[in-house]
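Colleague: First, the structure itself, so that you have it in front of you.
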Amino acid sequence: MSLDAVLARIDTDFDAATDRLFDLLRVPSISTDPAYKDDCRRAAEWLVADLESLGVRATLRDTPGHPMVVGHVDGPGPHLLFYGHYDVQPVDPLELWDRDPFDPALEETPAGKVIRARGASDDKGQLMTFVEACRAWVAEHGSLPCKITFFFEGEEESGSPSLIPFLKDNAEELSADIALICDTALFDSRVPGIVTMLRGLLGEEITITGPDKDLHSGFFGGAAMNPIRVLSGILANLHDDTGRITVPGFYDGVPELSPELRAQWEGLGFDAGAFLGAVGLATPAGEQDRSALEMVWSRPTAEINGIIGGYTGAGFKTVLPSKASAKISFRLVGDQDPHALRDSFRDWVRDQVPADCSVSFTGHGASPASTMATDHPAFEAARQALSEEWPEEAAYIGCGGSIPIAGYFKTLLDTDAMLIGFAKDDDQIHSPNEKYDLESFHRGIRSWARILDAVSRQG
């Protein structure tokens with residue numbers, strides 16, 4: 001099968017591909033808001049119909065929440081599972097949008113044309129890059145170059161409550177040689193990447209309780225223990241003077257980079273000063289013996305996300321509060337065990353609480369990190385294919401965020417995942433005025449066409 005003909009077809013039909021994406025973007029499939037339940041279903045039905053137009057055997061699968069879309073097409077070579085999600089984030093605050101979030105449009109910017117709409121980058125635009133690549137293959141050759149299962153979720157932006165049960169119930173149907181996930185970003189505008197490391201996530205909320213009621217700080221200050229003082233001391237002890245996290249056993253299972261991967265990352269020319277300067281900072285605050293790129297891709301973190309306690313309203317109130325609480329998130333890497341770390345963290349906190357105070361905990365999720373098996377031949381085939389489409393050579397990169405679906409594919413389907421996306425850091429996903437570069441959409445389609453060709457040749 002000729003790849004050149006497929007690429008030419010993509011270029012010729014690109015305006016029509018953009019129109020199809022706009023049709024999907026017009027559907028306000030906000031999964032977190034029950035008011036948009038029918039719209040989520042409408043988006044799923046749209047995708048079923050679109051896949052069927054390619055000759056895919058596609059079905060809408062009901063769940064206790066929003067439906068899944070599953071499609072199958074037979075073919076030679078390896079079996080690929082492609083995942084994306086059709087639901088989107090809420091648009092609030094609406095007044096900060098420059099246009100209707102569900103009225104997509106092309107806009108000129110200093111950096112080039114962009115598609116402006118909620119879901120343009122996360123994840124409808126990314127999802128459709130793969131679908132449009134498949135459309136071009138079918139248009140040119142009447143079939144796809146390998147066996148593909150399409151799997152689209154409608155609850156990714158609302159915690160995926162139906163995902164694990166669905167994967168367990170349909171594991172045999174969804175298992176494949178390798179999974180493809182298009183929900184990540186380019187390293188920069190010229191360098192594509194394949195994400196091979198995803199950090200896990202552990203969330204903890206701690207509440208320190210002292211007196212049985214709020215107290216007058218003039219009457220009780222000095223004699224009564226202040227929960228904010230206790231909490232502040234615990235939080236201050238979370239890191240030492242070098243930036244390392246002090247929870248016992250925290251670094252168990254944290255791997256070192258291989259020399260090959262370290263060299264590849266150093267070759268990317270990451271500018272830590274520009275990275276931090278863009279948000280008004282200058283100095284990396286993590287482990288002092290690590291580069292900024294290691295800090296955000298391959299090292300674990302402990303971050304204080306919020307502190308609550310005492311009087312925080314307008315004016316002043318001399319109160320000694322009864323309670324104080326904090327929300328803390330840990331990003332995990334390698335083989336760190338989130339459940340063991342939760343136990344260790346809670347014991348570490350308890351040891352610092354004085355006799356006159358008590359502590360309670362609320363857990364907010366616990367998912368391990370994911371590290372992809374790059375020795376699978378599909379990885380290098382895909383990296384070479386990406387390098388042929390973009391101005392600079394593709395790289396294996398990390399991702400500071402957490403994408404649990406990759407881990408679920410490994411643990412529940414025994415399927416490794418390649419995460420390849422074409423978003424940019426300034427796409428404003430989850431924020432007003434979300435956009436997706438038109439070049440990302442176009443080159444993304446061409447990239448997937450090249451990857452399908454390269455991976456299918458692996459057999």
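In the structure tokens, each chain is lettered A, B, ... as it comes, each chain's residues begin at 1, and ligands are numbered from 1 in order of appearance.
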Could you build a table of the residues in stretch 315-377 of chain A lying no more than 12 Å from stretch 301-307 of chain A, giving for each the nearest pair of atoms and their separation in Å rounded to one decimal place, using only C-alpha atoms, ordered by chain and ascending residue number, as JSON lines?
Modeller:
{"residue": "A:Lys323", "atom": "CA", "partner": "A:Ile307", "partner_atom": "CA", "distance": 11.2}
{"residue": "A:Ala324", "atom": "CA", "partner": "A:Ile307", "partner_atom": "CA", "distance": 7.6}
{"residue": "A:Ser325", "atom": "CA", "partner": "A:Ile307", "partner_atom": "CA", "distance": 5.9}
{"residue": "A:Ala326", "atom": "CA", "partner": "A:Ile307", "partner_atom": "CA", "distance": 4.4}
{"residue": "A:Lys327", "atom": "CA", "partner": "A:Gly306", "partner_atom": "CA", "distance": 5.2}
{"residue": "A:Ile328", "atom": "CA", "partner": "A:Ile304", "partner_atom": "CA", "distance": 4.5}
{"residue": "A:Ser329", "atom": "CA", "partner": "A:Glu303", "partner_atom": "CA", "distance": 5.4}
{"residue": "A:Phe330", "atom": "CA", "partner": "A:Ala302", "partner_atom": "CA", "distance": 4.5}
{"residue": "A:Arg331", "atom": "CA", "partner": "A:Thr301", "partner_atom": "CA", "distance": 5.0}
{"residue": "A:Leu332", "atom": "CA", "partner": "A:Thr301", "partner_atom": "CA", "distance": 6.9}
{"residue": "A:Val333", "atom": "CA", "partner": "A:Thr301", "partner_atom": "CA", "distance": 9.1}
{"residue": "A:Gln336", "atom": "CA", "partner": "A:Thr301", "partner_atom": "CA", "distance": 11.7}
{"residue": "A:Leu341", "atom": "CA", "partner": "A:Ala302", "partner_atom": "CA", "distance": 11.4}
{"residue": "A:Phe345", "atom": "CA", "partner": "A:Ala302", "partner_atom": "CA", "distance": 10.8}
Colleague: The selected residues should be written to file as an mmCIF file, in the first residue's frame (atoms: N, CA and C atoms).
Modeller:
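Full text of selection_11.cif as output:
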data_model
loop_
_atom_site.group_PDB
_atom_site.id
_atom_site.type_symbol
_atom_site.label_atom_id
_atom_site.label_comp_id
_atom_site.auth_asym_id
_atom_site.auth_seq_id
_atom_site.Cartn_x
_atom_site.Cartn_y
_atom_site.Cartn_z
ATOM 1 N N LYS A 323 -9.746 24.127 63.996
ATOM 2 C CA LYS A 323 -9.233 23.171 63.019
ATOM 3 C C LYS A 323 -8.402 23.880 61.960
ATOM 4 N N ALA A 324 -7.533 23.124 61.335
ATOM 5 C CA ALA A 324 -6.777 23.579 60.175
ATOM 6 C C ALA A 324 -6.525 22.373 59.279
ATOM 7 N N SER A 325 -6.589 22.591 57.982
ATOM 8 C CA SER A 325 -6.415 21.458 57.068
ATOM 9 C C SER A 325 -5.594 21.865 55.853
ATOM 10 N N ALA A 326 -5.055 20.869 55.184
ATOM 11 C CA ALA A 326 -4.267 21.089 53.976
ATOM 12 C C ALA A 326 -4.514 19.945 53.001
ATOM 13 N N LYS A 327 -4.437 20.286 51.711
ATOM 14 C CA LYS A 327 -4.534 19.289 50.644
ATOM 15 C C LYS A 327 -3.162 19.149 50.006
ATOM 16 N N ILE A 328 -2.689 17.916 49.904
ATOM 17 C CA ILE A 328 -1.332 17.641 49.430
ATOM 18 C C ILE A 328 -1.405 16.581 48.333
ATOM 19 N N SER A 329 -0.698 16.845 47.236
ATOM 20 C CA SER A 329 -0.634 15.846 46.165
ATOM 21 C C SER A 329 0.804 15.392 45.971
ATOM 22 N N PHE A 330 0.958 14.109 45.716
ATOM 23 C CA PHE A 330 2.253 13.510 45.437
ATOM 24 C C PHE A 330 2.232 12.960 44.014
ATOM 25 N N ARG A 331 3.155 13.408 43.181
ATOM 26 C CA ARG A 331 3.340 12.801 41.867
ATOM 27 C C ARG A 331 4.392 11.707 42.006
ATOM 28 N N LEU A 332 4.072 10.533 41.505
ATOM 29 C CA LEU A 332 4.896 9.346 41.735
ATOM 30 C C LEU A 332 5.534 8.864 40.446
ATOM 31 N N VAL A 333 6.676 8.201 40.557
ATOM 32 C CA VAL A 333 7.398 7.706 39.389
ATOM 33 C C VAL A 333 7.832 6.261 39.628
ATOM 34 N N GLN A 336 7.159 3.345 42.675
ATOM 35 C CA GLN A 336 6.624 3.817 43.957
ATOM 36 C C GLN A 336 5.216 3.267 44.166
ATOM 37 N N LEU A 341 2.995 4.447 50.365
ATOM 38 C CA LEU A 341 3.353 5.838 50.649
ATOM 39 C C LEU A 341 2.269 6.535 51.467
ATOM 40 N N PHE A 345 3.173 8.263 54.901
ATOM 41 C CA PHE A 345 2.904 9.685 55.099
ATOM 42 C C PHE A 345 2.037 9.912 56.332
#
Colleague: Run DSSP on the backbone and grab whatever in stretch 168-352 of chain A lands in alpha helix (DSSP H); send it over as number ranges by chain.
Modeller: A: 168-169, 171-174, 217-220, 227-236, 259-266, 272-277, 292-297, 338-350
Colleague: For A:Phe422, which residue out of A:Met128, A:Ala381, A:Ala340, A:Val69 is the nearest one, using only C-alpha atoms?
Modeller: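 Once distances to A:Phe422 are computed over only C-alpha atoms, the minimum belongs to A:Met128.
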Colleague: Using only C-alpha atoms, which protein or nucleic acid residues come within 7 Å of stretch 284-297 of chain A? Drop anything in the same chain fewer than 6 positions from it, and give the result as a ChimeraX atom specification.
Modeller: /A:242-244,272,398-400
Colleague: Would you mind reading off the distance between atom CA of A:Thr283 and atom CA of A:Trp348, one decimal, in Å?
Modeller: 28.8 Å
Colleague: Would you return as a PyMOL selection string the members of stretch 197-435 of chain A that DSSP assigns to strand (DSSP E) on this structure's backbone?
Modeller: chain A and resi 197-198+200-209+215-216+301-309+319-320+323-332+358-367+370-371+395-399+417-420+435
Colleague: Hey, can you spit out that residue selection with C-alpha atoms as a compact mmCIF listing (two decimals), in the first residue's frame?
Modeller:
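Final output, saved to again_12.txt:
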# COMPACT_ATOMS: atom_id res chain seq x y z
CA MET A 197 6.84 8.01 31.43
CA LEU A 198 3.71 9.11 33.22
CA GLY A 200 1.26 8.50 39.24
CA LEU A 201 -0.81 10.51 41.68
CA LEU A 202 -1.58 10.26 45.39
CA GLY A 203 -3.90 12.79 47.02
CA GLU A 204 -4.13 13.37 50.76
CA GLU A 205 -6.11 15.82 52.89
CA ILE A 206 -5.08 16.24 56.52
CA THR A 207 -7.07 17.98 59.25
CA ILE A 208 -5.58 18.99 62.59
CA THR A 209 -8.08 19.54 65.41
CA LEU A 215 -11.16 30.57 70.73
CA HIS A 216 -10.47 34.26 71.44
CA THR A 301 7.02 15.47 44.06
CA ALA A 302 5.09 16.57 47.13
CA GLU A 303 3.08 19.74 46.60
CA ILE A 304 0.81 21.62 48.99
CA ASN A 305 -2.29 22.47 46.94
CA GLY A 306 -4.33 24.33 49.53
CA ILE A 307 -4.45 25.38 53.19
CA ILE A 308 -7.62 26.13 55.15
CA GLY A 309 -7.88 27.42 58.69
CA VAL A 319 -9.45 33.90 66.39
CA LEU A 320 -7.54 30.82 67.49
CA LYS A 323 -9.23 23.17 63.02
CA ALA A 324 -6.78 23.58 60.18
CA SER A 325 -6.41 21.46 57.07
CA ALA A 326 -4.27 21.09 53.98
CA LYS A 327 -4.53 19.29 50.64
CA ILE A 328 -1.33 17.64 49.43
CA SER A 329 -0.63 15.85 46.17
CA PHE A 330 2.25 13.51 45.44
CA ARG A 331 3.34 12.80 41.87
CA LEU A 332 4.90 9.35 41.73
CA SER A 358 -5.73 15.05 66.82
CA VAL A 359 -5.40 14.40 63.11
CA SER A 360 -7.72 12.89 60.52
CA PHE A 361 -7.07 12.00 56.90
CA THR A 362 -9.09 11.87 53.70
CA GLY A 363 -7.63 10.11 50.68
CA HIS A 364 -8.18 11.48 47.19
CA GLY A 365 -7.08 8.79 44.77
CA ALA A 366 -3.97 6.63 44.49
CA SER A 367 -2.61 5.58 41.10
CA SER A 370 3.44 4.14 34.20
CA THR A 371 6.68 3.40 32.35
CA ALA A 395 12.19 11.98 21.11
CA TYR A 396 11.08 9.72 23.93
CA ILE A 397 9.87 12.16 26.58
CA GLY A 398 8.29 12.18 30.01
CA CYS A 399 5.08 13.77 31.16
CA ALA A 417 0.62 2.04 25.35
CA MET A 418 2.26 4.62 23.11
CA LEU A 419 1.20 8.17 23.99
CA ILE A 420 1.56 10.44 20.97
CA LYS A 435 -7.33 26.26 20.93
Colleague: State, in Å with one decimal place, the distance from atom CA of A:Ala117 to atom CA of A:Trp448.
Modeller: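 Going from atom CA of A:Ala117 over to atom CA of A:Trp448, I get 22.8 Å.
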Colleague: Looking at A:Gln384, A:Ser158, A:Ser298, A:Ser121, which one is nearest to A:Ile429, with distances taken over only C-alpha atoms?
Modeller: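 Answer, going by the shortest atom-to-atom distance: A:Ser121.
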Colleague: Per residue of stretch 100-137 of chain A within 10 Å of stretch 73-88 of chain A, what are the shortest atom pair and its distance in Å to one decimal, counting only C-alpha atoms, with rows by chain and residue number, as a tab-separated table?
Modeller:
residue	atom	partner	partner_atom	distance
A:Arg118	CA	A:Val88	CA	7.0
A:Gly119	CA	A:Val88	CA	5.5
A:Ala120	CA	A:Val88	CA	9.3
A:Ser121	CA	A:Val88	CA	9.8
A:Asp122	CA	A:Val88	CA	7.0
A:Asp123	CA	A:His85	CA	6.0
A:Lys124	CA	A:Tyr86	CA	5.8
A:Gly125	CA	A:Tyr86	CA	9.5
A:Gln126	CA	A:Gly84	CA	7.8
A:Leu127	CA	A:Gly84	CA	5.3
A:Met128	CA	A:Gly84	CA	8.9
A:Phe130	CA	A:Phe82	CA	8.2
A:Val131	CA	A:Phe82	CA	9.5
Colleague: Next, the residues of the selection above should be written as an mmCIF file, in the first residue's frame with C-alpha atoms.
Modeller:
data_model
loop_
_atom_site.group_PDB
_atom_site.id
_atom_site.type_symbol
_atom_site.label_atom_id
_atom_site.label_comp_id
_atom_site.auth_asym_id
_atom_site.auth_seq_id
_atom_site.Cartn_x
_atom_site.Cartn_y
_atom_site.Cartn_z
ATOM 1 C CA ARG A 118 -13.801 23.892 23.877
ATOM 2 C CA GLY A 119 -12.414 20.438 23.170
ATOM 3 C CA ALA A 120 -10.353 21.564 20.180
ATOM 4 C CA SER A 121 -7.186 20.251 21.824
ATOM 5 C CA ASP A 122 -8.546 18.152 24.705
ATOM 6 C CA ASP A 123 -9.429 15.777 23.203
ATOM 7 C CA LYS A 124 -11.667 15.994 20.133
ATOM 8 C CA GLY A 125 -9.059 17.485 17.835
ATOM 9 C CA GLN A 126 -6.498 14.912 18.930
ATOM 10 C CA LEU A 127 -8.965 12.036 18.629
ATOM 11 C CA MET A 128 -9.927 13.076 15.106
ATOM 12 C CA PHE A 130 -6.318 9.367 14.082
ATOM 13 C CA VAL A 131 -9.801 8.943 12.623
#
Colleague: Looking at only C-alpha atoms, which of A:Ile445, A:Leu412, A:Leu47, A:Cys146 is the one that sits closest to A:Leu25?
Modeller: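 Comparing A:Ile445, A:Leu412, A:Leu47, A:Cys146 against A:Leu25, the winner is A:Leu47.
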Colleague: Could you list, as a PyMOL selection string, every residue within 8 Å of A:Ala385, counting only C-alpha atoms and ignoring same-chain residues fewer than 3 positions away?
Modeller: chain A and resi 381-382+388-389+447+450-451+454
Colleague: Within 8 Å of stretch 53-60 of chain A, counting only C-alpha atoms, which residues qualify if same-chain residues fewer than 6 places away don't, as a list in words?
Modeller: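 Contacts, in chain order: Ala44, Glu45, Pro67, Met68, Val69, Val70, Gly71, His72, Val73, Cys134, Arg135 and Val138 of chain A.
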Colleague: Work out how far atom CA of A:Ser387 is from atom CA of A:Arg446, in Å to one decimal.
Modeller: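 Interatomic distance, atom CA of A:Arg446 to atom CA of A:Ser387: 11.7 Å.
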Colleague: Pick the closest to A:Gly310 from A:Leu268, A:Ile228, A:Ala274, A:Val6: which is it, counting only C-alpha atoms?
Modeller: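 Answer, going by the shortest atom-to-atom distance: A:Ile228.
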Colleague: Pick the closest to A:Gly407 from A:Phe151, A:Leu7, A:Phe250, A:Ile164: which is it, counting only C-alpha atoms?
Modeller: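 Using only C-alpha atoms, the shortest distance to A:Gly407 belongs to A:Ile164.
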Colleague: Have a look at A:Val114, A:Cys40, A:Leu281, A:Ala185 and name the one nearest to A:Glu157; count only C-alpha atoms.
Modeller: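 For A:Glu157, the nearest of the candidates is A:Cys40.
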